[in-house]
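**Q** Contents of model.pdb (PDB, C-alpha atoms):
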ATOM      1  CA  MET A  12    -190.096 -44.682  73.898
ATOM      2  CA  SER A  13    -190.351 -43.519  70.305
ATOM      3  CA  GLY A  14    -186.883 -44.774  69.378
ATOM      4  CA  GLU A  15    -185.410 -48.261  69.359
ATOM      5  CA  ARG A  16    -187.401 -50.698  71.476
ATOM      6  CA  VAL A  17    -186.544 -54.166  72.723
ATOM      7  CA  VAL A  18    -189.185 -56.561  71.401
ATOM      8  CA  LEU A  19    -189.623 -60.234  72.212
ATOM      9  CA  VAL A  20    -191.529 -62.373  69.712
ATOM     10  CA  THR A  21    -192.252 -65.992  70.633
ATOM     11  CA  GLY A  22    -193.117 -68.599  68.039
ATOM     12  CA  ALA A  23    -190.845 -66.628  65.764
ATOM     13  CA  SER A  24    -189.601 -69.347  63.442
ATOM     14  CA  ARG A  25    -192.410 -69.126  60.902
ATOM     15  CA  GLY A  26    -195.745 -67.666  59.876
ATOM     16  CA  ILE A  27    -197.022 -64.649  61.801
ATOM     17  CA  GLY A  28    -194.096 -64.740  64.239
ATOM     18  CA  ALA A  29    -191.451 -64.673  61.507
ATOM     19  CA  HIS A  30    -193.227 -61.765  59.850
ATOM     20  CA  LEU A  31    -193.465 -59.853  63.138
ATOM     21  CA  VAL A  32    -189.724 -60.273  63.704
ATOM     22  CA  ALA A  33    -189.027 -58.815  60.262
ATOM     23  CA  HIS A  34    -191.596 -56.060  60.821
ATOM     24  CA  PHE A  35    -190.119 -54.835  64.127
ATOM     25  CA  ALA A  36    -186.513 -55.185  62.903
ATOM     26  CA  ALA A  37    -187.337 -53.131  59.800
ATOM     27  CA  ARG A  38    -188.808 -50.476  62.053
ATOM     28  CA  GLY A  39    -185.458 -50.228  63.835
ATOM     29  CA  ASP A  40    -186.260 -52.209  66.987
ATOM     30  CA  ARG A  41    -184.015 -54.805  68.592
ATOM     31  CA  VAL A  42    -185.867 -58.098  68.345
ATOM     32  CA  VAL A  43    -185.456 -61.226  70.433
ATOM     33  CA  TRP A  44    -186.416 -64.131  68.191
ATOM     34  CA  CYS A  45    -187.706 -66.997  70.320
ATOM     35  CA  SER A  46    -188.734 -70.434  69.169
ATOM     36  CA  ARG A  47    -188.551 -74.069  70.224
ATOM     37  CA  SER A  48    -186.864 -74.901  66.940
ATOM     38  CA  VAL A  49    -183.249 -74.183  66.176
ATOM     39  CA  ALA A  50    -182.753 -70.610  65.076
ATOM     40  CA  ASP A  51    -182.681 -70.143  61.336
ATOM     41  CA  VAL A  52    -181.515 -66.579  61.749
ATOM     42  CA  ALA A  53    -177.897 -65.703  62.301
ATOM     43  CA  PRO A  54    -177.095 -63.712  65.427
ATOM     44  CA  GLY A  55    -176.090 -60.139  64.814
ATOM     45  CA  GLY A  56    -177.874 -57.217  63.289
ATOM     46  CA  ARG A  57    -181.124 -56.299  64.954
ATOM     47  CA  VAL A  58    -182.243 -59.851  65.749
ATOM     48  CA  VAL A  59    -181.071 -61.983  68.674
ATOM     49  CA  PRO A  60    -182.131 -65.624  68.258
ATOM     50  CA  VAL A  61    -182.931 -67.663  71.374
ATOM     51  CA  GLN A  62    -184.111 -71.251  71.386
ATOM     52  CA  ALA A  63    -186.630 -71.769  74.193
ATOM     53  CA  ASP A  64    -189.842 -73.632  74.932
ATOM     54  CA  VAL A  65    -192.271 -71.102  76.420
ATOM     55  CA  SER A  66    -194.007 -73.801  78.467
ATOM     56  CA  ASP A  67    -190.743 -74.541  80.322
ATOM     57  CA  GLU A  68    -190.467 -72.196  83.312
ATOM     58  CA  ALA A  69    -186.694 -72.506  83.651
ATOM     59  CA  ALA A  70    -186.245 -71.805  79.934
ATOM     60  CA  VAL A  71    -188.430 -68.700  80.186
ATOM     61  CA  ARG A  72    -186.406 -67.432  83.147
ATOM     62  CA  ASP A  73    -183.175 -68.049  81.224
ATOM     63  CA  LEU A  74    -184.655 -66.143  78.280
ATOM     64  CA  MET A  75    -185.471 -63.161  80.509
ATOM     65  CA  ARG A  76    -182.031 -63.279  82.108
ATOM     66  CA  LEU A  77    -180.469 -63.131  78.658
ATOM     67  CA  ILE A  78    -182.651 -60.159  77.683
ATOM     68  CA  ARG A  79    -181.826 -58.378  80.958
ATOM     69  CA  ARG A  80    -178.105 -58.905  80.551
ATOM     70  CA  THR A  81    -178.065 -58.054  76.844
ATOM     71  CA  PHE A  82    -180.402 -55.066  76.762
ATOM     72  CA  GLY A  83    -181.203 -54.199  80.379
ATOM     73  CA  ARG A  84    -184.862 -53.802  79.512
ATOM     74  CA  LEU A  85    -187.832 -55.194  77.625
ATOM     75  CA  ASP A  86    -190.471 -52.985  76.021
ATOM     76  CA  VAL A  87    -192.760 -55.174  73.926
ATOM     77  CA  VAL A  88    -193.705 -58.846  74.118
ATOM     78  CA  VAL A  89    -195.725 -60.680  71.501
ATOM     79  CA  ASN A  90    -196.877 -64.026  72.862
ATOM     80  CA  ASN A  91    -197.293 -65.649  69.487
ATOM     81  CA  ALA A  92    -196.110 -69.208  70.222
ATOM     82  CA  GLY A  93    -199.013 -71.559  69.777
ATOM     83  CA  ILE A  94    -200.076 -74.931  68.518
ATOM     84  CA  ALA A  95    -203.333 -75.966  66.915
ATOM     85  CA  LEU A  96    -204.751 -79.394  66.353
ATOM     86  CA  MET A  97    -208.145 -79.941  64.771
ATOM     87  CA  ASN A  98    -209.906 -82.967  66.145
ATOM     88  CA  PRO A  99    -213.328 -83.623  67.610
ATOM     89  CA  ALA A 100    -212.852 -83.375  71.383
ATOM     90  CA  ALA A 101    -214.116 -86.952  71.750
ATOM     91  CA  LEU A 102    -211.056 -88.108  69.830
ATOM     92  CA  MET A 103    -208.485 -85.722  71.265
ATOM     93  CA  PRO A 104    -205.570 -87.557  72.927
ATOM     94  CA  THR A 105    -204.848 -86.376  76.482
ATOM     95  CA  GLN A 106    -201.236 -85.662  75.609
ATOM     96  CA  ALA A 107    -202.365 -83.335  72.837
ATOM     97  CA  ILE A 108    -204.729 -81.523  75.220
ATOM     98  CA  ASP A 109    -201.876 -81.042  77.700
ATOM     99  CA  ARG A 110    -199.524 -79.792  75.010
ATOM    100  CA  ILE A 111    -202.033 -77.301  73.576
ATOM    101  CA  MET A 112    -202.791 -75.899  77.048
ATOM    102  CA  ASP A 113    -199.098 -75.878  78.000
ATOM    103  CA  VAL A 114    -197.924 -73.902  74.982
ATOM    104  CA  ASN A 115    -200.945 -71.717  74.257
ATOM    105  CA  PHE A 116    -202.022 -70.844  77.775
ATOM    106  CA  LYS A 117    -199.252 -71.657  80.256
ATOM    107  CA  GLY A 118    -196.580 -70.377  77.875
ATOM    108  CA  THR A 119    -198.413 -67.059  77.529
ATOM    109  CA  VAL A 120    -198.760 -66.760  81.306
ATOM    110  CA  LEU A 121    -195.118 -67.625  82.030
ATOM    111  CA  VAL A 122    -193.696 -65.224  79.446
ATOM    112  CA  SER A 123    -196.076 -62.451  80.555
ATOM    113  CA  ARG A 124    -195.324 -62.974  84.246
ATOM    114  CA  GLU A 125    -191.569 -62.950  83.810
ATOM    115  CA  SER A 126    -191.688 -60.048  81.322
ATOM    116  CA  VAL A 127    -193.437 -57.859  83.863
ATOM    117  CA  LYS A 128    -190.485 -58.257  86.229
ATOM    118  CA  LEU A 129    -188.277 -56.641  83.593
ATOM    119  CA  MET A 130    -190.804 -54.104  82.319
ATOM    120  CA  GLN A 131    -191.691 -52.757  85.758
ATOM    121  CA  ARG A 132    -188.203 -51.257  86.037
ATOM    122  CA  SER A 133    -188.914 -48.729  83.302
ATOM    123  CA  ARG A 134    -192.619 -48.425  84.116
ATOM    124  CA  PHE A 135    -193.387 -49.199  80.485
ATOM    125  CA  GLY A 136    -194.441 -52.321  78.682
ATOM    126  CA  ARG A 137    -196.706 -53.663  75.971
ATOM    127  CA  ILE A 138    -197.810 -57.291  76.137
ATOM    128  CA  ILE A 139    -199.723 -58.602  73.143
ATOM    129  CA  ASN A 140    -201.183 -62.089  73.314
ATOM    130  CA  MET A 141    -202.404 -64.091  70.368
ATOM    131  CA  SER A 142    -205.951 -65.376  70.542
ATOM    132  CA  SER A 143    -208.025 -66.547  67.603
ATOM    133  CA  VAL A 144    -211.405 -66.050  65.941
ATOM    134  CA  ALA A 145    -211.899 -69.718  66.831
ATOM    135  CA  VAL A 146    -213.106 -68.423  70.230
ATOM    136  CA  PRO A 147    -216.116 -66.333  69.117
ATOM    137  CA  MET A 148    -216.817 -68.480  66.025
ATOM    138  CA  ARG A 149    -217.000 -71.696  68.087
ATOM    139  CA  ILE A 150    -215.614 -73.839  65.292
ATOM    140  CA  GLU A 151    -216.268 -77.580  65.482
ATOM    141  CA  GLY A 152    -213.069 -79.572  65.868
ATOM    142  CA  GLU A 153    -211.310 -76.722  67.616
ATOM    143  CA  SER A 154    -212.816 -77.023  71.075
ATOM    144  CA  ILE A 155    -209.502 -77.585  72.858
ATOM    145  CA  TYR A 156    -207.596 -75.003  70.818
ATOM    146  CA  ALA A 157    -210.408 -72.448  71.276
ATOM    147  CA  ALA A 158    -210.618 -73.238  74.994
ATOM    148  CA  SER A 159    -206.875 -72.573  75.332
ATOM    149  CA  LYS A 160    -207.360 -69.234  73.560
ATOM    150  CA  SER A 161    -210.389 -68.427  75.726
ATOM    151  CA  ALA A 162    -208.101 -68.891  78.705
ATOM    152  CA  VAL A 163    -205.606 -66.526  77.072
ATOM    153  CA  GLU A 164    -208.354 -63.927  76.608
ATOM    154  CA  THR A 165    -209.539 -64.111  80.224
ATOM    155  CA  PHE A 166    -205.948 -63.962  81.427
ATOM    156  CA  THR A 167    -205.354 -60.919  79.198
ATOM    157  CA  ARG A 168    -208.361 -59.029  80.567
ATOM    158  CA  ILE A 169    -207.508 -59.606  84.223
ATOM    159  CA  PHE A 170    -203.714 -59.378  83.957
ATOM    160  CA  ALA A 171    -204.211 -56.029  82.204
ATOM    161  CA  LYS A 172    -205.807 -54.657  85.380
ATOM    162  CA  GLU A 173    -203.072 -56.045  87.592
ATOM    163  CA  VAL A 174    -200.144 -54.597  85.648
ATOM    164  CA  TYR A 175    -201.570 -51.284  84.434
ATOM    165  CA  PRO A 176    -200.298 -49.429  87.549
ATOM    166  CA  LEU A 177    -196.804 -50.548  86.493
ATOM    167  CA  GLY A 178    -197.178 -48.759  83.141
ATOM    168  CA  ILE A 179    -197.777 -52.021  81.305
ATOM    169  CA  THR A 180    -200.665 -52.752  78.959
ATOM    170  CA  CYS A 181    -201.863 -56.206  77.976
ATOM    171  CA  ASN A 182    -204.101 -56.875  74.990
ATOM    172  CA  ALA A 183    -204.931 -59.742  72.666
ATOM    173  CA  VAL A 184    -205.307 -60.066  68.926
ATOM    174  CA  GLY A 185    -207.534 -62.706  67.380
ATOM    175  CA  PRO A 186    -206.464 -63.160  63.779
ATOM    176  CA  ALA A 187    -208.840 -64.576  61.214
ATOM    177  CA  PRO A 188    -207.297 -67.598  59.485
ATOM    178  CA  VAL A 189    -203.941 -66.684  57.947
ATOM    179  CA  ASN A 190    -202.294 -68.799  55.321
ATOM    180  CA  THR A 191    -199.561 -70.199  57.574
ATOM    181  CA  ASP A 192    -198.377 -73.615  58.733
ATOM    182  CA  LEU A 193    -200.947 -73.518  61.525
ATOM    183  CA  ILE A 194    -203.789 -74.180  59.077
ATOM    184  CA  ARG A 195    -201.817 -76.248  56.583
ATOM    185  CA  GLY A 196    -203.368 -79.478  57.883
ATOM    186  CA  VAL A 197    -206.925 -78.161  57.757
ATOM    187  CA  PRO A 198    -208.962 -79.394  54.760
ATOM    188  CA  LYS A 199    -209.496 -76.688  52.135
ATOM    189  CA  GLU A 200    -213.294 -76.987  52.250
ATOM    190  CA  LYS A 201    -213.246 -76.323  56.011
ATOM    191  CA  ILE A 202    -211.154 -73.207  55.523
ATOM    192  CA  ASN A 203    -213.452 -72.037  52.731
ATOM    193  CA  ALA A 204    -216.514 -72.541  54.942
ATOM    194  CA  LEU A 205    -214.821 -70.615  57.716
ATOM    195  CA  VAL A 206    -213.817 -67.740  55.451
ATOM    196  CA  ALA A 207    -217.406 -67.538  54.169
ATOM    197  CA  ARG A 208    -218.482 -66.681  57.733
ATOM    198  CA  LEU A 209    -216.068 -63.723  57.943
ATOM    199  CA  ALA A 210    -217.291 -60.233  57.091
ATOM    200  CA  THR A 211    -214.152 -59.852  54.977
ATOM    201  CA  ARG A 212    -214.735 -63.135  53.045
ATOM    202  CA  GLU A 213    -211.004 -63.736  52.656
ATOM    203  CA  LEU A 214    -208.020 -65.047  54.593
ATOM    204  CA  ALA A 215    -206.096 -62.528  56.636
ATOM    205  CA  SER A 216    -202.507 -61.757  55.700
ATOM    206  CA  VAL A 217    -199.536 -61.618  58.050
ATOM    207  CA  GLU A 218    -199.398 -57.890  57.272
ATOM    208  CA  ASP A 219    -202.965 -57.476  58.602
ATOM    209  CA  VAL A 220    -201.903 -59.066  61.882
ATOM    210  CA  ALA A 221    -198.681 -57.044  62.099
ATOM    211  CA  HIS A 222    -200.675 -53.839  61.623
ATOM    212  CA  VAL A 223    -202.828 -54.482  64.708
ATOM    213  CA  VAL A 224    -199.900 -55.747  66.779
ATOM    214  CA  SER A 225    -197.912 -52.674  65.836
ATOM    215  CA  PHE A 226    -200.802 -50.427  66.872
ATOM    216  CA  LEU A 227    -201.094 -52.107  70.275
ATOM    217  CA  ALA A 228    -197.306 -51.975  70.757
ATOM    218  CA  ALA A 229    -197.141 -48.240  70.109
ATOM    219  CA  PRO A 230    -196.296 -45.956  73.040
ATOM    220  CA  ALA A 231    -199.410 -43.923  72.189
ATOM    221  CA  SER A 232    -201.607 -46.965  72.898
ATOM    222  CA  GLY A 233    -201.054 -46.612  76.635
ATOM    223  CA  TYR A 234    -204.734 -46.030  77.409
ATOM    224  CA  LEU A 235    -205.770 -49.201  75.599
ATOM    225  CA  THR A 236    -205.580 -52.322  77.721
ATOM    226  CA  GLY A 237    -207.464 -55.526  78.500
ATOM    227  CA  GLN A 238    -208.925 -55.632  74.984
ATOM    228  CA  VAL A 239    -209.310 -58.459  72.492
ATOM    229  CA  ILE A 240    -209.307 -57.342  68.871
ATOM    230  CA  TYR A 241    -210.561 -59.790  66.265
ATOM    231  CA  LEU A 242    -209.736 -59.515  62.595
ATOM    232  CA  GLY A 243    -212.003 -60.292  59.678
ATOM    233  CA  GLY A 244    -215.093 -58.553  61.028
ATOM    234  CA  VAL A 245    -215.641 -61.210  63.677
ATOM    235  CA  SER A 246    -217.123 -60.144  66.990
TER     236      SER A 246
ATOM    237  CA  MET B   9    -172.389 -69.746 101.427
ATOM    238  CA  ILE B  10    -174.408 -66.597 100.838
ATOM    239  CA  ASP B  11    -173.504 -63.584 102.961
ATOM    240  CA  ARG B  12    -176.304 -62.530 105.362
ATOM    241  CA  ALA B  13    -175.183 -58.894 105.627
ATOM    242  CA  LYS B  14    -174.950 -58.492 101.836
ATOM    243  CA  THR B  15    -178.372 -60.062 101.382
ATOM    244  CA  GLU B  16    -179.896 -57.805 104.022
ATOM    245  CA  HIS B  17    -178.323 -54.739 102.446
ATOM    246  CA  LEU B  18    -179.580 -55.749  99.026
ATOM    247  CA  ILE B  19    -183.175 -56.282 100.214
ATOM    248  CA  ALA B  20    -183.165 -53.132 102.359
ATOM    249  CA  SER B  21    -181.885 -51.018  99.432
ATOM    250  CA  ALA B  22    -184.546 -52.379  97.106
ATOM    251  CA  ALA B  23    -187.258 -51.818  99.717
ATOM    252  CA  GLN B  24    -186.044 -48.294 100.436
ATOM    253  CA  SER B  25    -186.208 -47.372  96.731
ATOM    254  CA  ILE B  26    -189.788 -48.615  96.539
ATOM    255  CA  TYR B  27    -190.794 -46.759  99.709
ATOM    256  CA  GLU B  28    -189.265 -43.544  98.360
ATOM    257  CA  GLU B  29    -190.864 -44.001  94.954
ATOM    258  CA  ARG B  30    -194.235 -44.223  96.680
ATOM    259  CA  GLY B  31    -193.527 -41.178  98.829
ATOM    260  CA  VAL B  32    -193.442 -43.206 102.050
ATOM    261  CA  GLN B  33    -190.823 -42.533 104.717
ATOM    262  CA  PHE B  34    -188.509 -45.545 105.070
ATOM    263  CA  PRO B  35    -188.606 -46.551 108.755
ATOM    264  CA  LEU B  36    -185.549 -46.028 110.922
ATOM    265  CA  GLY B  37    -184.155 -48.693 113.213
ATOM    266  CA  ASN B  38    -182.936 -52.231 112.809
ATOM    267  CA  PRO B  39    -183.526 -53.174 109.144
ATOM    268  CA  ARG B  40    -184.417 -56.729 110.186
ATOM    269  CA  ASP B  41    -187.543 -55.483 111.949
ATOM    270  CA  ILE B  42    -188.827 -53.245 109.194
ATOM    271  CA  GLN B  43    -192.304 -54.309 108.140
ATOM    272  CA  LEU B  44    -192.736 -54.762 104.405
ATOM    273  CA  TYR B  45    -195.857 -56.668 103.487
ATOM    274  CA  GLY B  46    -198.937 -57.636 105.439
ATOM    275  CA  ARG B  47    -201.059 -55.898 108.051
ATOM    276  CA  GLU B  48    -198.334 -53.555 109.291
ATOM    277  CA  GLY B  49    -196.293 -53.249 106.121
ATOM    278  CA  ALA B  50    -196.377 -50.297 103.752
ATOM    279  CA  LEU B  51    -196.210 -52.373 100.577
ATOM    280  CA  ASP B  52    -199.295 -53.526  98.708
ATOM    281  CA  SER B  53    -199.306 -56.530  96.402
ATOM    282  CA  LEU B  54    -198.175 -54.446  93.431
ATOM    283  CA  ALA B  55    -195.216 -53.059  95.359
ATOM    284  CA  LEU B  56    -194.403 -56.587  96.482
ATOM    285  CA  VAL B  57    -194.227 -57.655  92.810
ATOM    286  CA  THR B  58    -191.740 -54.845  92.212
ATOM    287  CA  LEU B  59    -189.707 -55.725  95.320
ATOM    288  CA  ILE B  60    -189.505 -59.431  94.517
ATOM    289  CA  ALA B  61    -188.585 -58.715  90.892
ATOM    290  CA  GLU B  62    -185.867 -56.280  91.970
ATOM    291  CA  VAL B  63    -184.441 -58.629  94.627
ATOM    292  CA  GLU B  64    -184.472 -61.633  92.260
ATOM    293  CA  GLN B  65    -182.584 -59.606  89.639
ATOM    294  CA  CYS B  66    -180.071 -58.199  92.154
ATOM    295  CA  LEU B  67    -179.406 -61.617  93.698
ATOM    296  CA  ASP B  68    -178.718 -62.963  90.243
ATOM    297  CA  ASP B  69    -176.648 -60.012  88.993
ATOM    298  CA  GLU B  70    -174.710 -59.142  92.164
ATOM    299  CA  LEU B  71    -174.422 -62.457  94.026
ATOM    300  CA  GLY B  72    -174.723 -64.881  91.105
ATOM    301  CA  LEU B  73    -177.744 -66.489  92.745
ATOM    302  CA  PRO B  74    -180.658 -67.164  90.368
ATOM    303  CA  LEU B  75    -183.421 -67.876  92.895
ATOM    304  CA  VAL B  76    -187.160 -68.105  92.371
ATOM    305  CA  LEU B  77    -188.500 -66.192  95.378
ATOM    306  CA  ALA B  78    -192.230 -66.296  94.703
ATOM    307  CA  ASP B  79    -192.293 -70.073  94.703
ATOM    308  CA  GLU B  80    -195.057 -72.446  95.783
ATOM    309  CA  ARG B  81    -193.817 -72.581  99.360
ATOM    310  CA  ALA B  82    -193.586 -68.818  99.821
ATOM    311  CA  MET B  83    -197.020 -68.163  98.405
ATOM    312  CA  SER B  84    -198.766 -70.899 100.407
ATOM    313  CA  ARG B  85    -197.235 -70.074 103.795
ATOM    314  CA  HIS B  86    -199.615 -68.845 106.464
ATOM    315  CA  ARG B  87    -197.067 -66.170 107.443
ATOM    316  CA  SER B  88    -195.548 -64.543 104.391
ATOM    317  CA  PRO B  89    -191.751 -64.731 104.276
ATOM    318  CA  PHE B  90    -191.884 -61.208 102.838
ATOM    319  CA  ARG B  91    -193.522 -59.593 105.899
ATOM    320  CA  THR B  92    -190.275 -58.068 107.261
ATOM    321  CA  ILE B  93    -186.791 -57.540 105.896
ATOM    322  CA  GLY B  94    -185.566 -60.070 108.483
ATOM    323  CA  SER B  95    -187.983 -62.793 107.411
ATOM    324  CA  PHE B  96    -187.216 -62.016 103.754
ATOM    325  CA  VAL B  97    -183.464 -62.434 104.399
ATOM    326  CA  ASP B  98    -184.054 -65.689 106.293
ATOM    327  CA  TYR B  99    -186.111 -67.003 103.393
ATOM    328  CA  VAL B 100    -183.441 -66.137 100.830
ATOM    329  CA  LEU B 101    -180.759 -67.823 102.957
ATOM    330  CA  THR B 102    -182.916 -70.928 103.350
ATOM    331  CA  LEU B 103    -183.516 -71.154  99.605
ATOM    332  CA  ALA B 104    -179.828 -70.595  98.888
ATOM    333  CA  ASP B 105    -178.767 -73.276 101.413
ATOM    334  CA  GLU B 106    -181.224 -75.790 100.004
ATOM    335  CA  GLY B 107    -180.468 -74.882  96.432
ATOM    336  CA  GLY B 108    -184.274 -74.684  96.409
ATOM    337  CA  GLY B 109    -186.134 -72.289  94.179
ATOM    338  CA  GLN B 110    -183.108 -72.292  91.916
ATOM    339  CA  ASP B 111    -184.227 -72.564  88.359
ATOM    340  CA  SER B 112    -181.399 -73.657  86.192
TER     341      SER B 112
END
Let me see the file written as C-alpha cells.
**A**
Amino acid sequence: MSGERVVLVTGASRGIGAHLVAHFAARGDRVVWCSRSVADVAPGGRVVPVQADVSDEAAVRDLMRLIRRTFGRLDVVVNNAGIALMNPAALMPTQAIDRIMDVNFKGTVLVSRESVKLMQRSRFGRIINMSSVAVPMRIEGESIYAASKSAVETFTRIFAKEVYPLGITCNAVGPAPVNTDLIRGVPKEKINALVARLATRELASVEDVAHVVSFLAAPASGYLTGQVIYLGGVS
Amino acid sequence: MIDRAKTEHLIASAAQSIYEERGVQFPLGNPRDIQLYGREGALDSLALVTLIAEVEQCLDDELGLPLVLADERAMSRHRSPFRTIGSFVDYVLTLADEGGGQDS
C-alpha cells in the first residue's frame, strides 16, 4: 500500500478539503473529490469530481458504486464535509440543528459505513473523521456544532473497534481554527479570544491539518486507531 | 424477474469464500439449508458485514440489482433473514420483487 492509493475527500470544494485533495493528488494518489456544490475541478488527471450530499444515503451509495466501478477499491476516506453555525442554542432554529447533525454526524456515519463495505475486500482502510477543538474547549455559541462533533468522536472511538479486525483504522482530527470559509462569519474578536486559549496562540494552517491527516492515512499507522488528535495544544 | 438459482449460487459462493478465509469447512448438502448467522451459523457479526457487503456488490455488478440488504426490516426481524442461505435468497427475491431496499 505504499504506492498509489484511492482517497475519498468529502467537503472537497474549499478550505481544508480542497487542500487535502491537492495534497493527496500531489503525492500521487487517485483522489475522489466529493462536494454538494458543483465540481470546480475538471475530470481527468488524478482527481475524479463527484457531486454528492453526504447526508443523502442514496447519494452516498451511488458515490461508492462509482468508486467501486472506477477503481475497484478504496483505501483512505477523509470525512471532512461539515457545516458550522454559531448561535446561542436558545436561538438555534430547529432546521439548522437538523442540518448540522445531518451533515456533520449522519454524513460521517453513512460515508464510513459504506466505505467499509469496499475497504473490507482488501483488508485495508484508513478512515479519518474531522472533529474540532470546539468539543474540548466548550465554546459558547457552538453547542450544537460541538455536540455534532462530540457524536463524531464517540462514533470514531467505537467504530474503530468494530472495523479493526477488517484491517481498517478509524481516527479523528480536531483542527484548531483554520482561516477558511467555516469561520468567515465569526467575529474577529471571538476568533482572537479563542486563539488566545490555544497553546500555539495562532490559527492553524491547512498544511498543519494535512500533516496529521497524512500521518493517520499512512500504511504504517495501522496500530493507531480510535484516537482523536487535537491541534493547537488543546487537550 | 431475478433468477433464484443465480442468486443462490452468488450467495453460496460469497459465503464459501468467507468460510474458507476463516479456516472453517463449508458444509456439504443442500445449499439452502446451510446455516450462516445465528445460533447454529459459523459467521459472527463481522463476517456477516463482509458477506452482506460482498452479496450487495455482486448483485449490483452481476445482476444489475442495487439492493440495500441490511435495511430496517432485515435488522428488526425476530428471525434474521441471513440465518441460512435459503432464507437469505428468499429475502433477496422479496426485496427484488417489491423493488424494496433499492436505493436509486
**Q** For a quick check of understanding, using all atoms listed in the file, which of A:Leu74, A:Ala183, A:Val174, A:Ala36 has the smallest distance to chain B?
**A**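 The closest residue to chain B is A:Val174.
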**Q** Would you write out, as a list in words, every residue that the ChimeraX specification (/B :<9) & /A captures in this file?
**A**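 Answer for the ChimeraX specification (/B :<9) & /A: Glu68, Ala69, Ala70, Arg72, Asp73, Arg76, Arg79, Arg80, Glu125, Val127, Lys128, Leu129, Gln131, Arg132, Glu173, Val174, Pro176 and Leu177 of chain A.
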**Q** Quick check, in Å to one decimal: how far apart do CA of Arg16 (chain A) and CA of Tyr175 (chain A) lie?
**A**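 Here the two named atoms are 19.2 Å from each other.
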**Q** Hey, can you check how far CA of Gln33 (chain B) sits from CA of Arg87 (chain B)?
**A**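 Distance reported for this atom pair: 24.6 Å.
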**Q** Take the PyMOL selection byres ((chain B and resi 49) around 12), run it mentally on this structure, and tell me the resulting residues as a PyMOL selection string.
**A** chain B and resi 23+27+32+34-35+41-48+50-53+55-56+88+90-93
**Q** Quick one: everything within 10 Å of Val120 (chain A), counting only C-alpha atoms, minus sequence neighbours fewer than 3 positions away in the same chain. Send it as a PyMOL selection string.
**A** chain A and resi 65-66+90+113-117+123-126+140+162-163+166-167+170
**Q** Might you spell out which residues the PyMOL selection byres ((chain B and resi 15) around 10) would select in the displayed file, as number ranges by chain?
**A** B: 10-14, 16-21, 63, 66-67, 70-71, 93, 96-98, 100-101
**Q** In Å, rounded to a single decimal, give me how far CA of His30 (chain A) is from CA of Met97 (chain A).
**A** 24.0 Å
**Q** Some atoms are absent from region 34-45 of chain A, so rebuild N, CA and C atoms and return them as a PDB file, keeping the file's coordinate frame.
**A**
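The resulting file, rebuild21.pdb, is shown below:
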ATOM      1  N   HIS A  34    -190.880 -57.343  60.729  1.00  0.00           N
ATOM      2  CA  HIS A  34    -191.596 -56.060  60.821  1.00  0.00           C
ATOM      3  C   HIS A  34    -190.933 -55.143  61.861  1.00  0.00           C
ATOM      4  N   PHE A  35    -190.698 -55.666  63.070  1.00  0.00           N
ATOM      5  CA  PHE A  35    -190.119 -54.835  64.127  1.00  0.00           C
ATOM      6  C   PHE A  35    -188.654 -54.483  63.814  1.00  0.00           C
ATOM      7  N   ALA A  36    -187.927 -55.453  63.245  1.00  0.00           N
ATOM      8  CA  ALA A  36    -186.513 -55.185  62.903  1.00  0.00           C
ATOM      9  C   ALA A  36    -186.431 -54.086  61.843  1.00  0.00           C
ATOM     10  N   ALA A  37    -187.338 -54.147  60.875  1.00  0.00           N
ATOM     11  CA  ALA A  37    -187.337 -53.131  59.800  1.00  0.00           C
ATOM     12  C   ALA A  37    -187.677 -51.757  60.356  1.00  0.00           C
ATOM     13  N   ARG A  38    -188.432 -51.745  61.430  1.00  0.00           N
ATOM     14  CA  ARG A  38    -188.808 -50.476  62.053  1.00  0.00           C
ATOM     15  C   ARG A  38    -187.644 -49.879  62.849  1.00  0.00           C
ATOM     16  N   GLY A  39    -186.621 -50.712  63.092  1.00  0.00           N
ATOM     17  CA  GLY A  39    -185.458 -50.228  63.835  1.00  0.00           C
ATOM     18  C   GLY A  39    -185.406 -50.707  65.270  1.00  0.00           C
ATOM     19  N   ASP A  40    -186.278 -51.663  65.625  1.00  0.00           N
ATOM     20  CA  ASP A  40    -186.260 -52.209  66.987  1.00  0.00           C
ATOM     21  C   ASP A  40    -185.229 -53.322  67.100  1.00  0.00           C
ATOM     22  N   ARG A  41    -184.825 -53.611  68.336  1.00  0.00           N
ATOM     23  CA  ARG A  41    -184.015 -54.805  68.592  1.00  0.00           C
ATOM     24  C   ARG A  41    -185.001 -55.925  68.909  1.00  0.00           C
ATOM     25  N   VAL A  42    -184.864 -57.044  68.224  1.00  0.00           N
ATOM     26  CA  VAL A  42    -185.867 -58.098  68.345  1.00  0.00           C
ATOM     27  C   VAL A  42    -185.253 -59.390  68.873  1.00  0.00           C
ATOM     28  N   VAL A  43    -185.863 -59.916  69.929  1.00  0.00           N
ATOM     29  CA  VAL A  43    -185.456 -61.226  70.433  1.00  0.00           C
ATOM     30  C   VAL A  43    -186.361 -62.263  69.778  1.00  0.00           C
ATOM     31  N   TRP A  44    -185.735 -63.076  68.950  1.00  0.00           N
ATOM     32  CA  TRP A  44    -186.416 -64.131  68.191  1.00  0.00           C
ATOM     33  C   TRP A  44    -186.462 -65.355  69.087  1.00  0.00           C
ATOM     34  N   CYS A  45    -187.624 -65.848  69.410  1.00  0.00           N
ATOM     35  CA  CYS A  45    -187.706 -66.997  70.320  1.00  0.00           C
ATOM     36  C   CYS A  45    -188.566 -68.088  69.714  1.00  0.00           C
TER      37      CYS A  45
END
